[in-house]
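Below is one structure; the comments refer to it alone.
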Amino acid sequence: MSTMNPDLLNFHLTGRHATGADPAPGYRPALTASYGELTGLRYDFPVVLLGGTESPAFVDSLTGVINRLLGEIAHEGNAGTLLRQHVLRLERRMRELAAGRPGISLTELWEEAAQTLLGECGEREAELLGNSLATARFGLRVDGPVLDCDDAMPVRLLQHAWGKVEARRTGPTRERIEALIIRLREMLKVDDLKGRASRSPERLRQTFGRRYREAFDFELMAEMLEGSTPHNPLPEARRNRIAEALAALESQRFFVPFDGERDQRCHDFVFYRLSAALRAWHERLPEIADVIRAIEIAELEVDNAFRDERHPAYFERFGPQALTPEDLALFPSYLVCVRQSECNTRDTARLMEIVAEELPVKVLLQVGDALASASAVDGSPRQGSAIQQLPHTFVAGNAYLLQLAGSDLYRQSEQVLRGLEFDGPAVFSIYVPREDASNVLPPYLAAAAATESRVFPGYTYDPTAGAGLAERFDIGGNPDVDDDWPRRELRYEDEALQTVTEDYRFTLADFAVTDPHYAGHFEPVERLAWDENMLPVADYLDLVSGRDFDKVPYVAVVDADNRLRRMIVDDHLVRITRRCRDRWHTLQELGGVHNSWAEAAQAAARSGAAGADRAASSEAAPGTEPAAAEPPVEATSDAAVPVTETEEAVEAQGDASDEAWIETPRCTTCDECTTRSPRMFAYDDNRQAYIRDPDAGTFRDLVEAAENCQVAIIHPGKPRNPDEPGLDDLIARAAPFNT
Amino acid sequence: MSTRASEILRRSGEIERRLEDYAGRMPRWCTGCGDNAILAAMQRVCREEQLPPEKIVVVSGIGCSSRLPHYMGSYGFHGLHGRALPVAEGIKMRRPDLHVFVSTGDGDCCSIGAGHWVHATRYNMDMTVLLHDNNIYGLTKKQASPTSPLGTRSNTSPRGTVLGPLDPLQATLGMSNLSFVAQAADWIPELLFQIIHAGFRHKGFSFIRILQRCPEFQADRWEPCVQDPDRLLILEHEDGVQLSSSLSRIYRNREEHDPADLVDARRIAATSERLPVGILYRNPDTPRYEELRARTKSVTPSLVRKGLNEELDKFTIWPRERS
């Protein structure tokens, strides 16, 4: 016979309160009881957005900025300690002021906090404090907008980071286009200066200073110059081609001119609707193709490598269909910031399109209601519940996925950066409780609680991290990754004012306490009515049957006065919690924790080893097949390959030759012999002389050429015509050159 | 940045360049002049590297040597006496994509242009400098140059020069921020080509002194060396030049010399009885001025205008505020 209070049991089973009314709100999860006021803590928020192009870092925490500052200026000793105390006081005040002041700059915040602090203290203290703060202010090197962890933060942070990444990524393309524009303009200008138009009286007049214009007759000058023909003008087709490419580059709308301001002309790449971003992407493809074509033509033209017989046909066919991922990677990526609550099923399809087609679109999917998808079980699906679940399904695709609670955004800024730098789609699913949620916790804490309760687990899927899921998928950012629920210590005072410490596991049901929408699923129980049949939800889910009629699940909460209470959870919410745990199990498997494949393989290996041990202990059974012989190694056929000699062929011609010859490699191209007898001597490919035709002249010609050769490399040989007059003398003169 | 397609298009459109593609006007040097050999070797280097002629600039000063740009089928700049190097530096600074050659003579470089020579060596900008050293002013029909041997009788020294010659090799090896120093002889085309080629390949200021024959006005100067190969010392090294087997039979005086060894290079230049031919010194790590001063941004007209306006704004007089 159960001792369970039937009222509580009935509530658990039916979800209906005995009184018919929902309990008064205002309860908080017991584990969050000690975090009422966050401004007294030094934690990750607020953060400061960092500008500058030297470092890729785009964000720092206020705590980090102050720590670094103190590290530089506060030294050991009393003075340093005082300085540290004063600056930390200022930091606390800045943290208080930052809440609700989105986008205020660090220095403004500093000044404001300093003013209020100084206004509060006495004259003597104000002097000391003023000195410390002035010293510290002088050492402060960074500035930028300060953001607290709230609803508006993810969009601002992502936009800032995206802008910085894009500036760095597209900088080289932008610079190349600028350089090409300058070069193309110069080519046209030079051609223009060489052409007839530049010799007109008006143009000639413009080239002279005003003072001397009267001294010249420009009409006459133009007439005289008219006779001089233009020197090598650019062919008409080439000039037009250059002008067209130049116009296309000058009118491109993708890159802000290097030294110019962003103007109306430039395309926008930040969108707030998936549909608008996709439309822009498709509409701009032909423009991208035009720019790429212009770049390619310009590159060829400036290097004088454009070939009229080959290249025009390619460029005629070039269009959006020929764009490669490398081409597209030169252009800015798109950033779309959407809220889950504003997305419908068509947006879900659009997100799928972006990921499936690997478009260079970065999507910030801001989740304001972490339980939206859980409530689908509730029978009343909330807006955006489908799209919130979508990112999980992209694992193993070629998109960068990052899911995290807003409270982790600073800690995981590296991963954000990697996603933005990834050449392809990236989805950032980020949870920050929406502004209008009547949440009982500060946004930072509520966001952290969503991760803690596995409602919104953090993970990264980085396709560039490696080939396998083990390298690509990471759930390491979650607490107690190996367990179903994170285990925490719950400390409280009992009636006897003694400290009691319990292990308590934080679940979805605990998180649901913070959401007024779920208030009806809980029934508070006074302390007097507590009994041993009440189990924390996590323990209740661990029961084998999952439905023990003796037990009811509860969550530990505190009321507005920080008194510990238990609230019985109805069966409906328990189902949602169980489903959340199952989803977490799937993520665990993907992340390599309790992987069912690995465990099965391990079990098989273990049983296989045990079997092998057994086989080894018994006698070798007859008929056991001998180990298969190794396949014969193929003989490498290296026989009968003739060895080719690379030695230089020995010169066939020698001193004893009767033929006339020249030591061509030693010829110095001095033109002596070729001028003397151009038919007999000629130059080879290296402009070095050889005997083209020994019969083109007389033996006398040969001997005289040998005598006049500056480097004495002509060898006349023996006369070919025995009847040539004066041969004896010539043979004697030739002798020194034949040895 | 270039797209994959433009790389393919470029390759597909490449044409084989021949020696004639680098020929300019018909050379007007005297027959037998060593300058012809230098021109031929330079054209061979261009063909070997398949350089587009429109990417080559040959800069010169004044003298027989400095007529060379006219005979190259490339861009050229026939400048003022002694000023070839500053012009070449300006070109390299503004257009680092161009291949710059400097053709200069012993008068042009070692006399009126000596100051530029010292500083161009120190600046170490990427260019190939060919010093045509014939030991005489030939263009103006025989006047003594700084490298003329002691006692040279010429129009300006009828009783013979009274000062000993300046040695361009030793002088260069003593300069600061040294990067590449070699010596070649115009009558050994094989080595001349190898040395100019190595100088071209070297990233930095490649100074090549070329012993050049002038058959008209200084015929006796190098003739003994031409006739007697033993008067030369060929510096061989696997990182330097290497003689072919046929030339090895002629030039028997050879020495292994590592171009990385500056002390040994100075010893060879200062003490050798024979004229060294080969690469004396090479250091690819010497800092280059054009790299140290490379622009980080492209200079567009609007950037210049913006900069000018910022400068001019410094002199703006703001109306005094009324108190």
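Naming works like this for the structure tokens: A, B, ... for the chains as they're shown, residue 1 at the start of each chain, ligands 1 onward in shown order.
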
Using only C-alpha atoms, determine which residues lie at most 9 Å from Arg418 in chain A, disregarding the query and same-chain residues fewer than 5 positions distant; provide the list as a PDB file with all heavy atoms, in the first residue's frame.
ATOM      1  N   TYR A 400      29.542  24.657 -41.423  1.00  0.00           N
ATOM      2  CA  TYR A 400      30.081  24.824 -40.080  1.00  0.00           C
ATOM      3  C   TYR A 400      28.906  25.074 -39.136  1.00  0.00           C
ATOM      4  O   TYR A 400      28.079  25.944 -39.409  1.00  0.00           O
ATOM      5  CB  TYR A 400      31.032  26.014 -40.061  1.00  0.00           C
ATOM      6  CG  TYR A 400      31.787  26.183 -38.772  1.00  0.00           C
ATOM      7  CD1 TYR A 400      33.075  25.700 -38.648  1.00  0.00           C
ATOM      8  CD2 TYR A 400      31.216  26.826 -37.683  1.00  0.00           C
ATOM      9  CE1 TYR A 400      33.779  25.848 -37.468  1.00  0.00           C
ATOM     10  CE2 TYR A 400      31.910  26.979 -36.505  1.00  0.00           C
ATOM     11  CZ  TYR A 400      33.190  26.489 -36.400  1.00  0.00           C
ATOM     12  OH  TYR A 400      33.896  26.639 -35.229  1.00  0.00           O
ATOM     13  N   SER A 413      34.618  32.444 -28.503  1.00  0.00           N
ATOM     14  CA  SER A 413      34.756  33.400 -29.615  1.00  0.00           C
ATOM     15  C   SER A 413      35.689  32.852 -30.705  1.00  0.00           C
ATOM     16  O   SER A 413      35.550  33.195 -31.876  1.00  0.00           O
ATOM     17  CB  SER A 413      35.258  34.752 -29.109  1.00  0.00           C
ATOM     18  OG  SER A 413      36.462  34.604 -28.411  1.00  0.00           O
ATOM     19  N   ASP A 462      32.844  21.223 -37.264  1.00  0.00           N
ATOM     20  CA  ASP A 462      33.768  21.978 -38.111  1.00  0.00           C
ATOM     21  C   ASP A 462      34.287  21.068 -39.235  1.00  0.00           C
ATOM     22  O   ASP A 462      35.140  20.220 -38.998  1.00  0.00           O
ATOM     23  CB  ASP A 462      34.931  22.474 -37.246  1.00  0.00           C
ATOM     24  CG  ASP A 462      35.937  23.292 -38.044  1.00  0.00           C
ATOM     25  OD1 ASP A 462      35.751  23.429 -39.279  1.00  0.00           O
ATOM     26  OD2 ASP A 462      36.906  23.777 -37.442  1.00  0.00           O
TER      27      ASP A 462
END

Contacts from chain B to chain A, 7 Å maximum, only C-alpha atoms: show me the residue list as a PyMOL selection string. chain B and resi 1+3+6+10+13+31-34+36-37+40+44+186-190+226+298+302-303

Produce a file of the selected residues containing N, CA and C atoms, as a PDB file, in the first residue's frame.
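Final file, result11.pdb:
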ATOM      1  N   MET B   1      46.607  37.445 -56.569  1.00  0.00           N
ATOM      2  CA  MET B   1      45.309  36.818 -56.760  1.00  0.00           C
ATOM      3  C   MET B   1      45.070  36.620 -58.246  1.00  0.00           C
ATOM      4  N   THR B   3      42.568  33.965 -60.774  1.00  0.00           N
ATOM      5  CA  THR B   3      41.648  32.829 -60.736  1.00  0.00           C
ATOM      6  C   THR B   3      42.273  31.662 -61.488  1.00  0.00           C
ATOM      7  N   SER B   6      42.049  32.084 -65.275  1.00  0.00           N
ATOM      8  CA  SER B   6      42.973  33.029 -65.914  1.00  0.00           C
ATOM      9  C   SER B   6      44.365  32.432 -66.006  1.00  0.00           C
ATOM     10  N   ARG B  10      46.207  31.947 -69.489  1.00  0.00           N
ATOM     11  CA  ARG B  10      47.539  32.512 -69.685  1.00  0.00           C
ATOM     12  C   ARG B  10      48.491  31.458 -70.262  1.00  0.00           C
ATOM     13  N   GLY B  13      47.899  30.561 -73.833  1.00  0.00           N
ATOM     14  CA  GLY B  13      48.239  31.594 -74.800  1.00  0.00           C
ATOM     15  C   GLY B  13      49.724  31.881 -74.883  1.00  0.00           C
ATOM     16  N   THR B  31      83.221  46.506 -85.529  1.00  0.00           N
ATOM     17  CA  THR B  31      83.363  45.060 -85.640  1.00  0.00           C
ATOM     18  C   THR B  31      84.488  44.621 -84.718  1.00  0.00           C
ATOM     19  N   GLY B  32      84.262  43.478 -84.090  1.00  0.00           N
ATOM     20  CA  GLY B  32      85.264  42.966 -83.164  1.00  0.00           C
ATOM     21  C   GLY B  32      85.083  43.484 -81.753  1.00  0.00           C
ATOM     22  N   CYS B  33      84.106  44.359 -81.551  1.00  0.00           N
ATOM     23  CA  CYS B  33      83.904  44.936 -80.214  1.00  0.00           C
ATOM     24  C   CYS B  33      83.292  43.891 -79.279  1.00  0.00           C
ATOM     25  N   GLY B  34      83.779  43.848 -78.040  1.00  0.00           N
ATOM     26  CA  GLY B  34      83.283  42.888 -77.054  1.00  0.00           C
ATOM     27  C   GLY B  34      81.842  43.146 -76.640  1.00  0.00           C
ATOM     28  N   ASN B  36      79.337  43.339 -78.445  1.00  0.00           N
ATOM     29  CA  ASN B  36      78.460  42.443 -79.192  1.00  0.00           C
ATOM     30  C   ASN B  36      78.216  41.147 -78.419  1.00  0.00           C
ATOM     31  N   ALA B  37      79.301  40.643 -77.809  1.00  0.00           N
ATOM     32  CA  ALA B  37      79.177  39.384 -77.076  1.00  0.00           C
ATOM     33  C   ALA B  37      78.289  39.567 -75.851  1.00  0.00           C
ATOM     34  N   ALA B  40      74.705  39.655 -76.980  1.00  0.00           N
ATOM     35  CA  ALA B  40      74.220  38.317 -77.345  1.00  0.00           C
ATOM     36  C   ALA B  40      73.939  37.488 -76.097  1.00  0.00           C
ATOM     37  N   ARG B  44      70.391  35.958 -74.792  1.00  0.00           N
ATOM     38  CA  ARG B  44      70.232  34.518 -74.522  1.00  0.00           C
ATOM     39  C   ARG B  44      69.611  34.287 -73.145  1.00  0.00           C
ATOM     40  N   ASP B 186      84.347  38.937 -71.947  1.00  0.00           N
ATOM     41  CA  ASP B 186      83.437  38.880 -73.097  1.00  0.00           C
ATOM     42  C   ASP B 186      83.842  37.797 -74.084  1.00  0.00           C
ATOM     43  N   TRP B 187      85.115  37.359 -74.071  1.00  0.00           N
ATOM     44  CA  TRP B 187      85.569  36.383 -75.060  1.00  0.00           C
ATOM     45  C   TRP B 187      85.352  34.941 -74.598  1.00  0.00           C
ATOM     46  N   ILE B 188      84.710  34.749 -73.469  1.00  0.00           N
ATOM     47  CA  ILE B 188      84.341  33.375 -73.081  1.00  0.00           C
ATOM     48  C   ILE B 188      82.806  33.343 -72.976  1.00  0.00           C
ATOM     49  N   PRO B 189      82.118  33.237 -74.141  1.00  0.00           N
ATOM     50  CA  PRO B 189      80.654  33.391 -74.151  1.00  0.00           C
ATOM     51  C   PRO B 189      79.934  32.443 -73.202  1.00  0.00           C
ATOM     52  N   GLU B 190      80.460  31.232 -73.080  1.00  0.00           N
ATOM     53  CA  GLU B 190      79.778  30.252 -72.242  1.00  0.00           C
ATOM     54  C   GLU B 190      79.699  30.728 -70.792  1.00  0.00           C
ATOM     55  N   VAL B 226      93.355  36.960 -74.071  1.00  0.00           N
ATOM     56  CA  VAL B 226      92.621  36.197 -75.072  1.00  0.00           C
ATOM     57  C   VAL B 226      93.527  35.106 -75.627  1.00  0.00           C
ATOM     58  N   SER B 298      47.615  50.090 -52.244  1.00  0.00           N
ATOM     59  CA  SER B 298      47.794  50.597 -53.589  1.00  0.00           C
ATOM     60  C   SER B 298      47.483  52.089 -53.580  1.00  0.00           C
ATOM     61  N   SER B 302      42.582  58.928 -55.494  1.00  0.00           N
ATOM     62  CA  SER B 302      41.800  59.475 -54.381  1.00  0.00           C
ATOM     63  C   SER B 302      42.541  59.359 -53.053  1.00  0.00           C
ATOM     64  N   LEU B 303      43.380  58.314 -52.927  1.00  0.00           N
ATOM     65  CA  LEU B 303      44.169  58.181 -51.700  1.00  0.00           C
ATOM     66  C   LEU B 303      45.179  59.321 -51.610  1.00  0.00           C
TER      67      LEU B 303
END

What parts of range 63-219 of chain B does DSSP call strand (DSSP E or B)? I'd like the answer as a PyMOL selection string. chain B and resi 72+75-78+99-105+127-133+136-137+143-144+154+157+180-185+205-211

Who sits within 7 Å of range 715-731 of chain A, only C-alpha atoms, same chain under 6 positions skipped, as number ranges by chain: A: 657-662, 699-700, 702-703, 706, 737-738

Got a sec: who's within 12 Å of Leu117 in chain A, counting only C-alpha atoms, leaving out chain neighbours fewer than 5 positions off, as number ranges by chain? A: 86-94, 96-97, 110-112, 122, 125-130, 133

DSSP on the backbone, then: every residue of range 128-187 of chain B marked helix (DSSP H, G or I), written as a list in words. Pro168, Leu169, Gln170, Ala171, Thr172 and Leu173 of chain B

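Residues within 12 Å of Asp21 in chain B, counting only C-alpha atoms and excluding same-chain residues fewer than 5 positions away, are Asp685 of chain A; Ile15, Glu16, Gln43, Arg44, Cys46, Arg47, Gln50, Leu51, Pro52, Pro53, Glu54, Tyr71, Met72, Gly73 and Ser74 of chain B.
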
Output for the residues just chosen: all heavy atoms as a compact mmCIF listing (two decimals), in the first residue's frame:
# COMPACT_ATOMS: atom_id res chain seq x y z
N ASP A 685 71.47 29.80 -83.58
CA ASP A 685 70.40 30.22 -82.67
C ASP A 685 70.90 31.06 -81.50
O ASP A 685 70.15 31.83 -80.91
CB ASP A 685 69.68 28.99 -82.09
CG ASP A 685 68.67 28.45 -83.07
OD1 ASP A 685 68.49 29.13 -84.10
OD2 ASP A 685 68.10 27.37 -82.82
N ILE B 15 53.55 31.97 -75.84
CA ILE B 15 54.23 31.73 -77.11
C ILE B 15 55.72 31.54 -76.84
O ILE B 15 56.26 32.12 -75.90
CB ILE B 15 54.03 32.90 -78.09
CG1 ILE B 15 54.16 34.23 -77.34
CG2 ILE B 15 52.72 32.81 -78.82
CD1 ILE B 15 54.17 35.43 -78.24
N GLU B 16 56.33 30.72 -77.66
CA GLU B 16 57.76 30.45 -77.53
C GLU B 16 58.53 31.67 -78.04
O GLU B 16 58.33 32.10 -79.17
CB GLU B 16 58.08 29.20 -78.35
CG GLU B 16 59.54 28.94 -78.60
CD GLU B 16 60.17 28.12 -77.49
OE1 GLU B 16 59.40 27.46 -76.77
OE2 GLU B 16 61.41 28.16 -77.35
N GLN B 43 70.73 38.65 -74.45
CA GLN B 43 69.54 38.18 -75.18
C GLN B 43 69.30 36.70 -74.93
O GLN B 43 68.16 36.25 -74.83
CB GLN B 43 69.71 38.46 -76.68
CG GLN B 43 69.61 39.96 -77.00
CD GLN B 43 70.02 40.29 -78.42
OE1 GLN B 43 70.75 39.54 -79.06
NE2 GLN B 43 69.56 41.44 -78.90
N ARG B 44 70.39 35.96 -74.79
CA ARG B 44 70.23 34.52 -74.52
C ARG B 44 69.61 34.29 -73.14
O ARG B 44 68.78 33.39 -72.97
CB ARG B 44 71.58 33.81 -74.59
CG ARG B 44 72.00 33.46 -76.02
CD ARG B 44 73.35 32.77 -76.04
NE ARG B 44 73.31 31.47 -75.39
CZ ARG B 44 74.40 30.78 -75.06
NH1 ARG B 44 75.60 31.28 -75.32
NH2 ARG B 44 74.30 29.61 -74.49
N CYS B 46 67.56 36.30 -71.66
CA CYS B 46 66.13 36.65 -71.79
C CYS B 46 65.36 35.50 -72.42
O CYS B 46 64.25 35.17 -72.01
CB CYS B 46 65.95 37.92 -72.62
SG CYS B 46 66.64 39.37 -71.83
N ARG B 47 65.98 34.89 -73.45
CA ARG B 47 65.30 33.78 -74.11
C ARG B 47 65.21 32.57 -73.16
O ARG B 47 64.18 31.90 -73.08
CB ARG B 47 66.04 33.37 -75.37
CG ARG B 47 65.38 32.21 -76.11
CD ARG B 47 66.19 31.69 -77.26
NE ARG B 47 67.47 31.18 -76.81
CZ ARG B 47 68.39 30.67 -77.63
NH1 ARG B 47 68.17 30.62 -78.92
NH2 ARG B 47 69.54 30.24 -77.15
N GLN B 50 62.55 33.12 -70.98
CA GLN B 50 61.30 33.41 -71.71
C GLN B 50 60.64 34.69 -71.17
O GLN B 50 59.43 34.73 -70.92
CB GLN B 50 60.35 32.23 -71.62
CG GLN B 50 60.76 31.05 -72.50
CD GLN B 50 60.60 31.35 -73.98
OE1 GLN B 50 59.53 31.69 -74.47
NE2 GLN B 50 61.70 31.28 -74.73
N LEU B 51 61.43 35.72 -70.98
CA LEU B 51 60.90 36.98 -70.44
C LEU B 51 60.08 37.68 -71.51
O LEU B 51 60.53 37.80 -72.65
CB LEU B 51 62.04 37.91 -70.01
CG LEU B 51 63.05 37.37 -68.99
CD1 LEU B 51 64.10 38.45 -68.68
CD2 LEU B 51 62.35 36.96 -67.72
N PRO B 52 58.90 38.16 -71.17
CA PRO B 52 58.17 38.98 -72.15
C PRO B 52 58.97 40.27 -72.40
O PRO B 52 59.35 40.93 -71.43
CB PRO B 52 56.85 39.29 -71.45
CG PRO B 52 56.77 38.35 -70.29
CD PRO B 52 58.17 38.01 -69.92
N PRO B 53 59.24 40.62 -73.66
CA PRO B 53 60.08 41.80 -73.92
C PRO B 53 59.51 43.06 -73.27
O PRO B 53 60.27 43.94 -72.87
CB PRO B 53 60.07 41.92 -75.44
CG PRO B 53 59.76 40.56 -75.93
CD PRO B 53 58.88 39.93 -74.90
N GLU B 54 58.18 43.13 -73.14
CA GLU B 54 57.61 44.35 -72.56
C GLU B 54 57.79 44.40 -71.05
O GLU B 54 57.40 45.37 -70.42
CB GLU B 54 56.13 44.47 -72.95
CG GLU B 54 55.20 43.45 -72.33
CD GLU B 54 55.10 42.15 -73.13
OE1 GLU B 54 55.94 41.94 -74.02
OE2 GLU B 54 54.20 41.35 -72.84
N TYR B 71 69.73 48.42 -78.87
CA TYR B 71 69.85 47.16 -79.62
C TYR B 71 69.02 46.04 -79.01
O TYR B 71 69.03 44.92 -79.50
CB TYR B 71 71.33 46.74 -79.71
CG TYR B 71 72.22 47.87 -80.20
CD1 TYR B 71 73.49 48.06 -79.67
CD2 TYR B 71 71.78 48.75 -81.19
CE1 TYR B 71 74.30 49.09 -80.10
CE2 TYR B 71 72.58 49.80 -81.62
CZ TYR B 71 73.83 49.97 -81.08
OH TYR B 71 74.61 51.00 -81.50
N MET B 72 68.35 46.36 -77.90
CA MET B 72 67.47 45.36 -77.28
C MET B 72 66.03 45.67 -77.70
O MET B 72 65.62 46.82 -77.69
CB MET B 72 67.55 45.44 -75.75
CG MET B 72 68.73 44.75 -75.12
SD MET B 72 68.65 42.96 -75.22
CE MET B 72 67.34 42.60 -74.05
N GLY B 73 65.29 44.62 -78.01
CA GLY B 73 63.88 44.81 -78.38
C GLY B 73 63.00 44.88 -77.15
O GLY B 73 62.05 44.12 -77.02
N SER B 74 63.36 45.78 -76.23
CA SER B 74 62.60 45.89 -74.98
C SER B 74 62.47 47.37 -74.65
O SER B 74 62.85 48.21 -75.45
CB SER B 74 63.38 45.20 -73.85
OG SER B 74 64.54 45.94 -73.57

Excluding Gly477 in chain A and any residue of its chain fewer than 4 positions from it, enumerate the residues within 10 Å of it, using only C-alpha atoms, and give them as a PyMOL selection string. chain A and resi 404+408+411-412+451+457-460+481

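If you count only C-alpha atoms and ignore residues fewer than 5 places along the chain from Arg168 in chain A, what sits within 9 Å of it is Thr53, Pro56 and Gly163 of chain A.
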
Selected residues, C-alpha atoms, written as a PDB file, in the first residue's frame, please.
ATOM      1  CA  THR A  53      43.027  44.993 -38.196  1.00  0.00           C
ATOM      2  CA  PRO A  56      42.005  38.708 -35.475  1.00  0.00           C
ATOM      3  CA  GLY A 163      32.786  42.661 -40.589  1.00  0.00           C
TER       4      GLY A 163
END

In Å and to one decimal, CA of Pro27 in chain B is distant from CA of Leu166 in chain B by 29.3 Å
